[in-house]
>>> print(open('target-v4.pdb').read())   # PDB, C-alpha atoms
ATOM      1  CA  MET A   1       0.000   0.000   0.000
ATOM      2  CA  ARG A   2       2.853   2.334   0.852
ATOM      3  CA  ASN A   3       4.395   1.624  -2.547
ATOM      4  CA  TYR A   4       1.167   2.691  -4.285
ATOM      5  CA  LYS A   5       1.001   5.862  -2.216
ATOM      6  CA  PHE A   6       4.601   6.606  -3.087
ATOM      7  CA  ILE A   7       3.951   6.061  -6.791
ATOM      8  CA  ILE A   8       0.806   8.240  -6.768
ATOM      9  CA  SER A   9       2.576  10.959  -4.799
ATOM     10  CA  GLY A  10       5.451  10.807  -7.274
ATOM     11  CA  ILE A  11       3.090  11.194 -10.223
ATOM     12  CA  ILE A  12       1.344  14.170  -8.597
ATOM     13  CA  PHE A  13       4.670  15.781  -7.709
ATOM     14  CA  ALA A  14       5.975  15.262 -11.262
ATOM     15  CA  ALA A  15       2.804  16.739 -12.713
ATOM     16  CA  PHE A  16       3.143  19.729 -10.381
ATOM     17  CA  ILE A  17       6.761  20.237 -11.423
ATOM     18  CA  GLY A  18       5.650  20.039 -15.061
ATOM     19  CA  ILE A  19       3.026  22.735 -14.516
ATOM     20  CA  VAL A  20       5.480  25.014 -12.744
ATOM     21  CA  SER A  21       8.096  24.465 -15.454
ATOM     22  CA  PHE A  22       5.537  25.171 -18.187
ATOM     23  CA  GLU A  23       4.329  28.389 -16.587
ATOM     24  CA  THR A  24       7.855  29.574 -15.890
ATOM     25  CA  GLY A  25       8.892  28.830 -19.465
ATOM     26  CA  TYR A  26       5.859  30.693 -20.807
ATOM     27  CA  LYS A  27       6.613  33.831 -18.839
ATOM     28  CA  LYS A  28      10.233  33.736 -19.857
ATOM     29  CA  GLY A  29       9.247  33.325 -23.502
ATOM     30  CA  SER A  30       6.928  36.326 -23.252
ATOM     31  CA  GLN A  31       9.713  38.500 -21.863
ATOM     32  CA  GLU A  32      12.028  37.319 -24.625
ATOM     33  CA  ASP A  33       9.371  38.166 -27.201
ATOM     34  CA  LEU A  34       9.090  41.741 -25.911
ATOM     35  CA  SER A  35      12.864  42.133 -25.876
ATOM     36  CA  TYR A  36      13.012  40.849 -29.441
ATOM     37  CA  ALA A  37      10.216  43.219 -30.477
ATOM     38  CA  ALA A  38      12.062  46.217 -29.035
ATOM     39  CA  GLU A  39      15.342  45.203 -30.652
ATOM     40  CA  LYS A  40      13.703  44.517 -34.001
ATOM     41  CA  ALA A  41      12.068  47.950 -34.261
ATOM     42  CA  SER A  42      14.713  50.065 -32.545
ATOM     43  CA  SER A  43      16.676  50.909 -35.691
ATOM     44  CA  SER A  44      13.438  51.981 -37.405
ATOM     45  CA  VAL A  45      12.745  54.721 -34.843
ATOM     46  CA  VAL A  46      14.630  58.031 -34.984
ATOM     47  CA  ASN A  47      14.864  61.182 -32.900
ATOM     48  CA  ILE A  48      13.535  64.445 -34.328
ATOM     49  CA  PHE A  49      15.004  67.902 -33.664
ATOM     50  CA  ILE A  50      13.923  71.278 -34.949
ATOM     51  CA  SER A  51      15.955  74.448 -35.151
ATOM     52  CA  ASN A  52      15.783  77.990 -36.451
ATOM     53  CA  ARG A  53      19.561  78.479 -36.526
ATOM     54  CA  GLY A  54      21.104  75.029 -36.680
ATOM     55  CA  ILE A  55      21.463  71.843 -34.733
ATOM     56  CA  ASN A  56      21.044  72.335 -31.006
ATOM     57  CA  ARG A  57      19.881  69.058 -29.542
ATOM     58  CA  ALA A  58      19.741  70.250 -25.936
ATOM     59  CA  ARG A  59      17.161  72.918 -26.710
ATOM     60  CA  ASN A  60      15.431  71.602 -29.779
ATOM     61  CA  ALA A  61      14.752  67.899 -29.225
ATOM     62  CA  VAL A  62      11.026  67.745 -29.888
ATOM     63  CA  GLY A  63       9.970  64.224 -30.717
ATOM     64  CA  SER A  64      10.422  60.994 -32.587
ATOM     65  CA  GLY A  65       9.847  59.532 -36.019
ATOM     66  CA  VAL A  66       9.542  56.190 -37.768
ATOM     67  CA  ILE A  67      11.372  55.141 -40.937
ATOM     68  CA  PHE A  68       8.600  54.466 -43.445
ATOM     69  CA  SER A  69      10.474  53.533 -46.625
ATOM     70  CA  LYS A  70      13.904  52.533 -47.898
ATOM     71  CA  GLU A  71      13.852  55.734 -49.957
ATOM     72  CA  GLY A  72      14.182  57.767 -46.770
ATOM     73  CA  HIS A  73      10.606  58.727 -45.903
ATOM     74  CA  ILE A  74      10.050  59.248 -42.179
ATOM     75  CA  VAL A  75       6.645  59.508 -40.514
ATOM     76  CA  THR A  76       6.152  61.738 -37.494
ATOM     77  CA  ASN A  77       3.533  64.046 -35.950
ATOM     78  CA  THR A  78       2.529  67.329 -37.546
ATOM     79  CA  HIS A  79       2.258  69.132 -34.215
ATOM     80  CA  ILE A  80       5.939  68.703 -33.304
ATOM     81  CA  LEU A  81       7.014  70.548 -36.465
ATOM     82  CA  THR A  82       5.158  73.762 -35.639
ATOM     83  CA  ASN A  83       7.254  76.864 -36.411
ATOM     84  CA  ALA A  84      10.235  74.743 -37.479
ATOM     85  CA  SER A  85      12.498  76.269 -40.106
ATOM     86  CA  SER A  86      14.856  73.277 -40.094
ATOM     87  CA  VAL A  87      14.242  69.658 -39.152
ATOM     88  CA  PHE A  88      16.926  67.127 -38.232
ATOM     89  CA  VAL A  89      16.876  63.364 -37.786
ATOM     90  CA  GLU A  90      19.164  61.400 -35.451
ATOM     91  CA  PHE A  91      19.857  57.688 -35.934
ATOM     92  CA  ASN A  92      20.806  55.009 -33.413
ATOM     93  CA  ASP A  93      24.520  55.571 -33.967
ATOM     94  CA  GLY A  94      24.213  59.284 -33.186
ATOM     95  CA  GLU A  95      24.507  60.468 -36.783
ATOM     96  CA  ILE A  96      22.360  63.521 -37.517
ATOM     97  CA  THR A  97      21.109  64.671 -40.910
ATOM     98  CA  GLU A  98      18.771  67.363 -42.126
ATOM     99  CA  ALA A  99      15.350  66.333 -43.412
ATOM    100  CA  VAL A 100      12.949  67.925 -45.881
ATOM    101  CA  LEU A 101       9.222  68.193 -45.167
ATOM    102  CA  ILE A 102       7.258  66.347 -47.866
ATOM    103  CA  GLY A 103       3.811  67.073 -46.482
ATOM    104  CA  ALA A 104       1.791  67.434 -43.297
ATOM    105  CA  ASP A 105      -1.853  66.844 -42.465
ATOM    106  CA  LYS A 106      -3.214  68.700 -39.450
ATOM    107  CA  TYR A 107      -6.396  66.631 -39.183
ATOM    108  CA  SER A 108      -4.654  63.283 -38.738
ATOM    109  CA  ASP A 109      -1.535  64.830 -37.119
ATOM    110  CA  ILE A 110       0.648  62.898 -39.568
ATOM    111  CA  ALA A 111       3.637  64.423 -41.367
ATOM    112  CA  VAL A 112       6.210  62.902 -43.714
ATOM    113  CA  LEU A 113       9.872  63.924 -43.828
ATOM    114  CA  LYS A 114      12.492  62.853 -46.380
ATOM    115  CA  ILE A 115      16.207  62.258 -45.934
ATOM    116  CA  ASN A 116      18.552  61.671 -48.852
ATOM    117  CA  GLY A 117      21.793  59.822 -49.413
ATOM    118  CA  PHE A 118      21.264  56.985 -46.945
ATOM    119  CA  GLU A 119      21.424  53.315 -47.856
ATOM    120  CA  GLY A 120      20.494  50.334 -45.733
ATOM    121  CA  LEU A 121      17.609  52.041 -43.952
ATOM    122  CA  ASN A 122      15.355  49.690 -42.006
ATOM    123  CA  PRO A 123      11.689  50.616 -42.600
ATOM    124  CA  ILE A 124       9.296  49.691 -39.821
ATOM    125  CA  GLU A 125       7.144  46.599 -40.383
ATOM    126  CA  SER A 126       3.440  47.277 -39.928
ATOM    127  CA  ALA A 127       0.558  45.233 -38.569
ATOM    128  CA  GLU A 128      -3.163  45.779 -39.087
ATOM    129  CA  SER A 129      -4.324  48.007 -36.251
ATOM    130  CA  SER A 130      -7.913  46.851 -36.822
ATOM    131  CA  ASN A 131      -6.919  43.476 -35.349
ATOM    132  CA  ILE A 132      -5.788  45.017 -32.058
ATOM    133  CA  ARG A 133      -7.763  43.984 -28.978
ATOM    134  CA  VAL A 134      -8.104  45.591 -25.584
ATOM    135  CA  GLY A 135      -5.582  43.922 -23.285
ATOM    136  CA  ASP A 136      -2.955  43.264 -25.965
ATOM    137  CA  GLU A 137       0.602  43.942 -24.792
ATOM    138  CA  VAL A 138       2.364  46.833 -26.515
ATOM    139  CA  LEU A 139       5.677  48.692 -26.503
ATOM    140  CA  ALA A 140       6.215  52.413 -27.049
ATOM    141  CA  ILE A 141       9.537  53.640 -28.440
ATOM    142  CA  GLY A 142      10.479  57.308 -28.498
ATOM    143  CA  ASN A 143      12.663  60.104 -27.199
ATOM    144  CA  PRO A 144      10.933  61.390 -24.034
ATOM    145  CA  PHE A 145      12.177  64.784 -22.846
ATOM    146  CA  GLY A 146      15.045  64.461 -25.333
ATOM    147  CA  VAL A 147      16.930  62.023 -23.083
ATOM    148  CA  GLY A 148      17.406  59.495 -25.891
ATOM    149  CA  LYS A 149      15.635  56.461 -27.242
ATOM    150  CA  THR A 150      13.497  54.813 -24.566
ATOM    151  CA  VAL A 151      11.219  51.763 -24.548
ATOM    152  CA  THR A 152       8.161  51.483 -22.284
ATOM    153  CA  SER A 153       5.555  48.742 -22.089
ATOM    154  CA  GLY A 154       1.862  48.450 -21.343
ATOM    155  CA  ILE A 155      -1.396  47.235 -22.823
ATOM    156  CA  ILE A 156      -4.083  48.536 -25.137
ATOM    157  CA  SER A 157      -6.580  50.125 -22.758
ATOM    158  CA  ALA A 158      -9.222  51.055 -25.335
ATOM    159  CA  THR A 159      -9.765  51.535 -29.055
ATOM    160  CA  GLY A 160     -11.806  54.037 -31.050
ATOM    161  CA  ARG A 161     -11.027  57.044 -28.841
ATOM    162  CA  ASP A 162     -11.226  60.511 -30.416
ATOM    163  CA  TYR A 163      -9.729  62.641 -27.592
ATOM    164  CA  GLY A 164     -11.266  65.757 -29.119
ATOM    165  CA  ASN A 165     -10.172  64.887 -32.671
ATOM    166  CA  PRO A 166     -13.234  63.830 -34.704
ATOM    167  CA  TYR A 167     -11.042  62.793 -37.635
ATOM    168  CA  LEU A 168      -9.420  59.894 -35.795
ATOM    169  CA  GLU A 169     -10.196  56.735 -33.882
ATOM    170  CA  LEU A 170      -7.194  56.554 -31.580
ATOM    171  CA  LEU A 171      -5.684  53.640 -29.702
ATOM    172  CA  GLN A 172      -5.448  54.236 -25.955
ATOM    173  CA  THR A 173      -2.565  52.699 -24.005
ATOM    174  CA  ASP A 174      -1.132  52.813 -20.500
ATOM    175  CA  ALA A 175       2.430  52.484 -21.825
ATOM    176  CA  ALA A 176       4.339  55.528 -20.562
ATOM    177  CA  ILE A 177       4.208  58.285 -23.183
ATOM    178  CA  ASN A 178       5.773  61.648 -22.370
ATOM    179  CA  PRO A 179       6.659  64.803 -24.317
ATOM    180  CA  GLY A 180       9.200  63.710 -26.914
ATOM    181  CA  ASN A 181       7.466  60.382 -27.551
ATOM    182  CA  SER A 182       5.226  62.040 -30.134
ATOM    183  CA  GLY A 183       5.866  60.570 -33.567
ATOM    184  CA  GLY A 184       7.401  57.410 -32.116
ATOM    185  CA  ALA A 185       6.239  53.840 -32.613
ATOM    186  CA  LEU A 186       3.620  51.834 -30.754
ATOM    187  CA  LEU A 187       4.448  48.167 -31.355
ATOM    188  CA  ASN A 188       2.769  44.819 -30.902
ATOM    189  CA  GLU A 189       4.539  41.803 -29.396
ATOM    190  CA  GLU A 190       6.079  40.968 -32.774
ATOM    191  CA  GLY A 191       7.749  44.361 -33.011
ATOM    192  CA  ASN A 192       5.436  45.551 -35.780
ATOM    193  CA  LEU A 193       3.934  49.028 -35.937
ATOM    194  CA  ILE A 194       0.338  49.315 -34.765
ATOM    195  CA  GLY A 195       0.311  53.063 -34.186
ATOM    196  CA  ILE A 196       2.177  56.364 -34.060
ATOM    197  CA  ASN A 197       2.267  57.836 -30.553
ATOM    198  CA  SER A 198       0.572  61.204 -30.704
ATOM    199  CA  SER A 199      -0.533  62.606 -27.379
ATOM    200  CA  ILE A 200      -1.008  62.112 -23.657
ATOM    201  CA  TYR A 201      -3.949  62.920 -21.436
ATOM    202  CA  SER A 202      -2.552  64.742 -18.439
ATOM    203  CA  LYS A 203      -3.206  67.890 -16.422
ATOM    204  CA  THR A 204       0.529  68.297 -15.851
ATOM    205  CA  GLY A 205       1.716  67.554 -19.385
ATOM    206  CA  THR A 206       3.549  64.409 -18.284
ATOM    207  CA  TYR A 207       2.625  60.742 -18.151
ATOM    208  CA  SER A 208      -0.417  59.902 -16.023
ATOM    209  CA  GLY A 209      -1.383  56.490 -17.350
ATOM    210  CA  ILE A 210      -3.259  57.514 -20.496
ATOM    211  CA  GLY A 211      -1.604  57.841 -23.892
ATOM    212  CA  PHE A 212      -2.944  57.834 -27.434
ATOM    213  CA  ALA A 213      -1.647  56.577 -30.776
ATOM    214  CA  ILE A 214      -2.825  56.988 -34.360
ATOM    215  CA  PRO A 215      -3.693  53.520 -35.759
ATOM    216  CA  SER A 216      -1.191  52.141 -38.268
ATOM    217  CA  GLU A 217      -3.770  51.705 -41.019
ATOM    218  CA  LYS A 218      -4.601  55.417 -40.828
ATOM    219  CA  VAL A 219      -0.892  56.267 -40.712
ATOM    220  CA  ILE A 220      -0.175  54.282 -43.877
ATOM    221  CA  GLN A 221      -3.175  55.784 -45.645
ATOM    222  CA  VAL A 222      -2.234  59.385 -44.844
ATOM    223  CA  ALA A 223       1.510  58.925 -45.352
ATOM    224  CA  SER A 224       0.948  57.344 -48.765
ATOM    225  CA  GLU A 225      -1.172  60.334 -49.812
ATOM    226  CA  LEU A 226       1.460  62.792 -48.601
ATOM    227  CA  ILE A 227       4.291  60.959 -50.370
ATOM    228  CA  LYS A 228       2.410  60.710 -53.654
ATOM    229  CA  PHE A 229       0.628  64.072 -53.738
ATOM    230  CA  GLY A 230       2.289  66.223 -51.065
ATOM    231  CA  LYS A 231      -1.093  66.631 -49.406
ATOM    232  CA  VAL A 232      -4.133  64.633 -48.418
ATOM    233  CA  ARG A 233      -6.689  64.883 -51.197
ATOM    234  CA  ASN A 234     -10.261  65.724 -50.284
ATOM    235  CA  SER A 235     -13.047  63.266 -50.979
ATOM    236  CA  TRP A 236     -15.870  64.434 -53.254
ATOM    237  CA  ILE A 237     -19.332  63.003 -53.859
ATOM    238  CA  GLY A 238     -20.571  65.741 -56.163
ATOM    239  CA  ASP A 239     -21.649  69.359 -55.837
ATOM    240  CA  PHE A 240     -25.001  69.510 -54.091
ATOM    241  CA  GLN A 241     -26.953  71.560 -51.593
ATOM    242  CA  VAL A 242     -28.810  70.318 -48.544
ATOM    243  CA  ARG A 243     -31.047  71.896 -45.941
ATOM    244  CA  GLN A 244     -31.200  70.729 -42.329
ATOM    245  CA  ILE A 245     -34.719  69.668 -41.413
ATOM    246  CA  ARG A 246     -36.516  67.653 -38.765
ATOM    247  CA  LEU A 247     -38.623  64.763 -39.930
ATOM    248  CA  ASN A 248     -41.570  63.433 -37.960
ATOM    249  CA  LEU A 249     -41.179  59.678 -37.742
ATOM    250  CA  SER A 250     -43.597  57.792 -35.484
ATOM    251  CA  ASN A 251     -44.222  60.998 -33.503
ATOM    252  CA  ASN A 252     -40.492  61.557 -33.048
ATOM    253  CA  LEU A 253     -38.673  64.485 -34.612
ATOM    254  CA  VAL A 254     -35.367  63.283 -36.043
ATOM    255  CA  PRO A 255     -32.656  65.310 -37.796
ATOM    256  CA  ALA A 256     -32.435  64.873 -41.549
ATOM    257  CA  LEU A 257     -30.928  66.540 -44.612
ATOM    258  CA  SER A 258     -33.133  67.468 -47.548
ATOM    259  CA  ILE A 259     -31.296  67.483 -50.898
ATOM    260  CA  ILE A 260     -32.499  70.705 -52.493
ATOM    261  CA  LYS A 261     -30.123  70.808 -55.471
ATOM    262  CA  ILE A 262     -27.640  68.603 -57.319
ATOM    263  CA  ASP A 263     -25.239  70.478 -59.595
ATOM    264  CA  ARG A 264     -24.753  68.860 -63.005
ATOM    265  CA  THR A 265     -22.307  71.401 -64.470
ATOM    266  CA  SER A 266     -19.153  69.585 -63.360
ATOM    267  CA  ALA A 267     -17.112  67.750 -65.978
ATOM    268  CA  ILE A 268     -17.165  64.724 -63.668
ATOM    269  CA  ALA A 269     -20.417  62.808 -63.318
ATOM    270  CA  ASN A 270     -22.049  63.427 -59.949
ATOM    271  CA  PRO A 271     -21.397  60.387 -57.703
ATOM    272  CA  LEU A 272     -24.683  60.912 -55.849
ATOM    273  CA  GLU A 273     -26.746  60.680 -59.022
ATOM    274  CA  LEU A 274     -24.654  57.827 -60.359
ATOM    275  CA  ASN A 275     -25.706  55.851 -57.291
ATOM    276  CA  GLY A 276     -29.387  56.697 -57.574
ATOM    277  CA  ILE A 277     -29.740  59.606 -55.146
ATOM    278  CA  SER A 278     -31.874  62.450 -56.528
ATOM    279  CA  GLU A 279     -32.918  65.999 -55.767
ATOM    280  CA  GLY A 280     -35.809  66.175 -53.312
ATOM    281  CA  GLU A 281     -34.814  63.042 -51.445
ATOM    282  CA  ILE A 282     -34.139  63.104 -47.716
ATOM    283  CA  ILE A 283     -31.040  61.713 -46.027
ATOM    284  CA  LEU A 284     -31.808  60.070 -42.678
ATOM    285  CA  LYS A 285     -28.424  58.646 -41.745
ATOM    286  CA  ILE A 286     -24.789  58.970 -42.794
ATOM    287  CA  ASN A 287     -22.597  55.980 -41.921
ATOM    288  CA  ASP A 288     -25.276  54.940 -39.397
ATOM    289  CA  LEU A 289     -25.144  58.358 -37.698
ATOM    290  CA  PRO A 290     -27.940  60.979 -37.674
ATOM    291  CA  ALA A 291     -28.021  63.065 -40.848
ATOM    292  CA  THR A 292     -26.628  66.405 -39.709
ATOM    293  CA  TRP A 293     -24.393  68.891 -41.483
ATOM    294  CA  THR A 294     -21.602  68.104 -39.026
ATOM    295  CA  ASN A 295     -21.805  64.358 -39.654
ATOM    296  CA  LEU A 296     -21.866  64.930 -43.415
ATOM    297  CA  THR A 297     -18.747  67.110 -43.444
ATOM    298  CA  THR A 298     -16.983  64.807 -40.975
ATOM    299  CA  ALA A 299     -17.710  61.786 -43.188
ATOM    300  CA  LEU A 300     -16.120  63.577 -46.141
ATOM    301  CA  LYS A 301     -13.070  64.614 -44.125
ATOM    302  CA  LEU A 302     -12.599  61.126 -42.691
ATOM    303  CA  THR A 303     -12.611  59.398 -46.060
ATOM    304  CA  PHE A 304     -10.045  59.234 -48.828
ATOM    305  CA  PRO A 305     -10.814  59.112 -52.555
ATOM    306  CA  GLY A 306     -12.094  55.624 -53.293
ATOM    307  CA  ASP A 307     -13.644  55.119 -49.860
ATOM    308  CA  GLU A 308     -17.395  54.661 -49.530
ATOM    309  CA  ILE A 309     -20.000  56.566 -47.518
ATOM    310  CA  LEU A 310     -23.242  54.862 -46.522
ATOM    311  CA  PHE A 311     -26.439  56.924 -46.844
ATOM    312  CA  GLU A 312     -29.876  55.933 -45.604
ATOM    313  CA  ILE A 313     -32.536  57.630 -47.746
ATOM    314  CA  TYR A 314     -36.085  58.147 -46.479
ATOM    315  CA  GLY A 315     -38.942  56.438 -48.276
ATOM    316  CA  LYS A 316     -42.648  56.535 -47.430
ATOM    317  CA  ASP A 317     -42.941  52.770 -47.665
ATOM    318  CA  LYS A 318     -39.353  51.698 -47.118
ATOM    319  CA  ASN A 319     -36.026  53.419 -46.582
ATOM    320  CA  LYS A 320     -33.129  52.557 -48.868
ATOM    321  CA  GLU A 321     -29.406  52.323 -48.184
ATOM    322  CA  VAL A 322     -26.975  53.622 -50.785
ATOM    323  CA  LEU A 323     -23.179  53.249 -50.830
ATOM    324  CA  VAL A 324     -21.499  56.163 -52.603
ATOM    325  CA  LYS A 325     -17.836  55.820 -53.602
ATOM    326  CA  THR A 326     -15.921  59.064 -53.185
ATOM    327  CA  VAL A 327     -13.613  60.548 -55.810
ATOM    328  CA  ALA A 328     -10.790  63.091 -55.565
ATOM    329  CA  SER A 329     -11.858  66.725 -55.614
ATOM    330  CA  ASN A 330      -8.385  68.080 -56.365
TER     331      ASN A 330
END
>>> encode(input="target-v4.pdb", output="structure tokens")
Amino acid sequence: MRNYKFIISGIIFAAFIGIVSFETGYKKGSQEDLSYAAEKASSSVVNIFISNRGINRARNAVGSGVIFSKEGHIVTNTHILTNASSVFVEFNDGEITEAVLIGADKYSDIAVLKINGFEGLNPIESAESSNIRVGDEVLAIGNPFGVGKTVTSGIISATGRDYGNPYLELLQTDAAINPGNSGGALLNEEGNLIGINSSIYSKTGTYSGIGFAIPSEKVIQVASELIKFGKVRNSWIGDFQVRQIRLNLSNNLVPALSIIKIDRTSAIANPLELNGISEGEIILKINDLPATWTNLTTALKLTFPGDEILFEIYGKDKNKEVLVKTVASN
């Protein structure tokens, strides 16, 4: 009987050791993954300085940037370049070079710089920010307070935040983000870009547990426009006039937009009419939001040429939904 007890106890003890070993190995692997992620992306993140007279890192270190292409395009934040007459980029090895501004978009807070004469640049690898989930582990790389490249860690606290910017759906993280981190990279566990760090929520201006990043898909979209056109093109769905009204539906007054005129003088066919929307019709919803002037203009500003806007059109018997593909207005 004692032998059986000994054998059973041995099996239980071995199983326990196996569980402990497995858990310990898992945690160690996770730490190694984060270290690898930081190392992988480090050479793709640069420090940004601005100057009116020349290079003065002590006074003019303002933020961070991410190498976007092998051709020398660097993505950063528009707000850190305010009033800059000269912009400089510093690499991991301490080398500093002057950069040229290709374009900047104030609505998305994305700007693109260009450096020339450099080979062997390591562009950041990107991941789809739409796949990010609350609770995912992330790393933030930047140049806080100009002290040099720094890595902090945290999780995704929320997605779809606007933080006063109706043009964006920001990622929220508790990874430490301070002044100087703006324009730096927010990474997933694989070391791939999921966002560009943009701002912090703090009464003191320093880290208080809430930071925001522009999702990578938006970054790529805006940066590609800036590189190709030098600006972000406006979306257009035709020249038309609307009047804000209130429609009585089931004894409830709801906001709506009455289409009072569609202009047909443009050389380009009107996208609204091409998709079956006519003068005199009433718009009830825009991208599932109430049909207001603000929501209409926001929808146009949020989209790029080729994107679609969903309209719900009022009908006495049945409402209809119409997808209108936007085109470039300039």
>>> resolve_selection(input="target-v4.pdb", expression="the PyMOL selection byres ((chain A and resi 219) around 9)", output="JSON, numbers by chain")
{"A": [75, 108, 110, 195, 196, 214, 215, 216, 217, 218, 220, 221, 222, 223, 224]}
>>> residues_around(input="target-v4.pdb", residues="Pro290 of chain A", least_positions_apart="4", cutoff="9 Å", atoms="all atoms listed in the file", output="list in words")
Val254, Pro255, Ala256, Ile283, Leu284, Lys285, Ile286 and Asn295 of chain A
>>> write_last_selection(input="target-v4.pdb", atoms="C-alpha atoms", output="short mmCIF file (atom, residue, chain, number, x, y, z; two decimals), keeping the file's coordinate frame")
data_model
loop_
_atom_site.label_atom_id
_atom_site.label_comp_id
_atom_site.auth_asym_id
_atom_site.auth_seq_id
_atom_site.Cartn_x
_atom_site.Cartn_y
_atom_site.Cartn_z
CA VAL A 254 -35.37 63.28 -36.04
CA PRO A 255 -32.66 65.31 -37.80
CA ALA A 256 -32.44 64.87 -41.55
CA ILE A 283 -31.04 61.71 -46.03
CA LEU A 284 -31.81 60.07 -42.68
CA LYS A 285 -28.42 58.65 -41.74
CA ILE A 286 -24.79 58.97 -42.79
CA ASN A 295 -21.80 64.36 -39.65
#
>>> closest_residue(input="target-v4.pdb", among="A:Ile210, A:Leu302, A:Val66, A:Leu289", to="Leu121 of chain A", atoms="only C-alpha atoms")
A:Val66
>>> resolve_selection(input="target-v4.pdb", expression="the PyMOL selection byres ((chain A and resi 182-190) around 6)", output="VMD selection string")
chain A and resid 34 37 63 to 65 76 to 77 138 to 142 180 to 181 191 to 198
>>> resolve_selection(input="target-v4.pdb", expression="the PyMOL selection byres ((chain A and resi 149) around 9)", output="MDAnalysis selection string")
chainID A and resid 42 45:47 64 92 141:144 146:148 150:151
>>> atom_distance(input="target-v4.pdb", atom1="atom CA of Lys301 of chain A", atom2="atom CA of Lys114 of chain A")
25.7 Å
>>> closest_atom_pairs(input="target-v4.pdb", of="segment 106-198 of chain A", to="segment 99-102 of chain A", cutoff="8 Å", atoms="all atoms listed in the file", output="Markdown table")
| residue | atom | partner | partner_atom | distance |
| --- | --- | --- | --- | --- |
| A:Ala111 | CA | A:Ile102 | CA | 7.7 |
| A:Val112 | CA | A:Ile102 | CA | 5.5 |
| A:Leu113 | CA | A:Leu101 | CA | 4.5 |
| A:Lys114 | CA | A:Val100 | CA | 5.1 |
| A:Ile115 | CA | A:Ala99 | CA | 4.9 |
| A:Asn116 | CA | A:Ala99 | CA | 7.8 |
>>> atom_distance(input="target-v4.pdb", atom1="atom CA of Ile268 of chain A", atom2="atom CA of Ala104 of chain A")
28.0 Å
>>> residues_around(input="target-v4.pdb", residues="Val134 of chain A", least_positions_apart="3", cutoff="8 Å", atoms="all atoms listed in the file", output="PDB file with C-alpha atoms, in the frame of the given file")
ATOM      1  CA  ILE A 155      -1.396  47.235 -22.823  1.00  0.00           C
ATOM      2  CA  ILE A 156      -4.083  48.536 -25.137  1.00  0.00           C
ATOM      3  CA  SER A 157      -6.580  50.125 -22.758  1.00  0.00           C
ATOM      4  CA  ALA A 158      -9.222  51.055 -25.335  1.00  0.00           C
ATOM      5  CA  THR A 159      -9.765  51.535 -29.055  1.00  0.00           C
TER       6      THR A 159
END
>>> atom_distance(input="target-v4.pdb", atom1="atom CA of Ser129 of chain A", atom2="atom CA of Thr303 of chain A")
17.2 Å
>>> closest_residue(input="target-v4.pdb", among="A:Trp293, A:Glu169, A:Asn319, A:Phe212", to="Tyr107 of chain A", atoms="all atoms listed in the file")
A:Glu169
>>> closest_residue(input="target-v4.pdb", among="A:Ala213, A:Ile67, A:Ile124, A:Ala84", to="Asp109 of chain A", atoms="all atoms listed in the file")
A:Ala213
>>> closest_residue(input="target-v4.pdb", among="A:Val89, A:Ile177, A:Leu247, A:Ala41", to="Asn122 of chain A", atoms="all atoms listed in the file")
A:Ala41
>>> closest_residue(input="target-v4.pdb", among="A:Ser51, A:Asn178, A:Gln241, A:Gln172", to="Thr82 of chain A", atoms="all atoms listed in the file")
A:Ser51
>>> closest_residue(input="target-v4.pdb", among="A:Thr152, A:Ser69, A:Ser86, A:Thr173", to="Gly120 of chain A", atoms="all atoms listed in the file")
A:Ser69
>>> residues_around(input="target-v4.pdb", residues="Leu300 of chain A", least_positions_apart="6", cutoff="9 Å", atoms="all atoms listed in the file", output="MDAnalysis selection string")
chainID A and resid 234:237 309 326
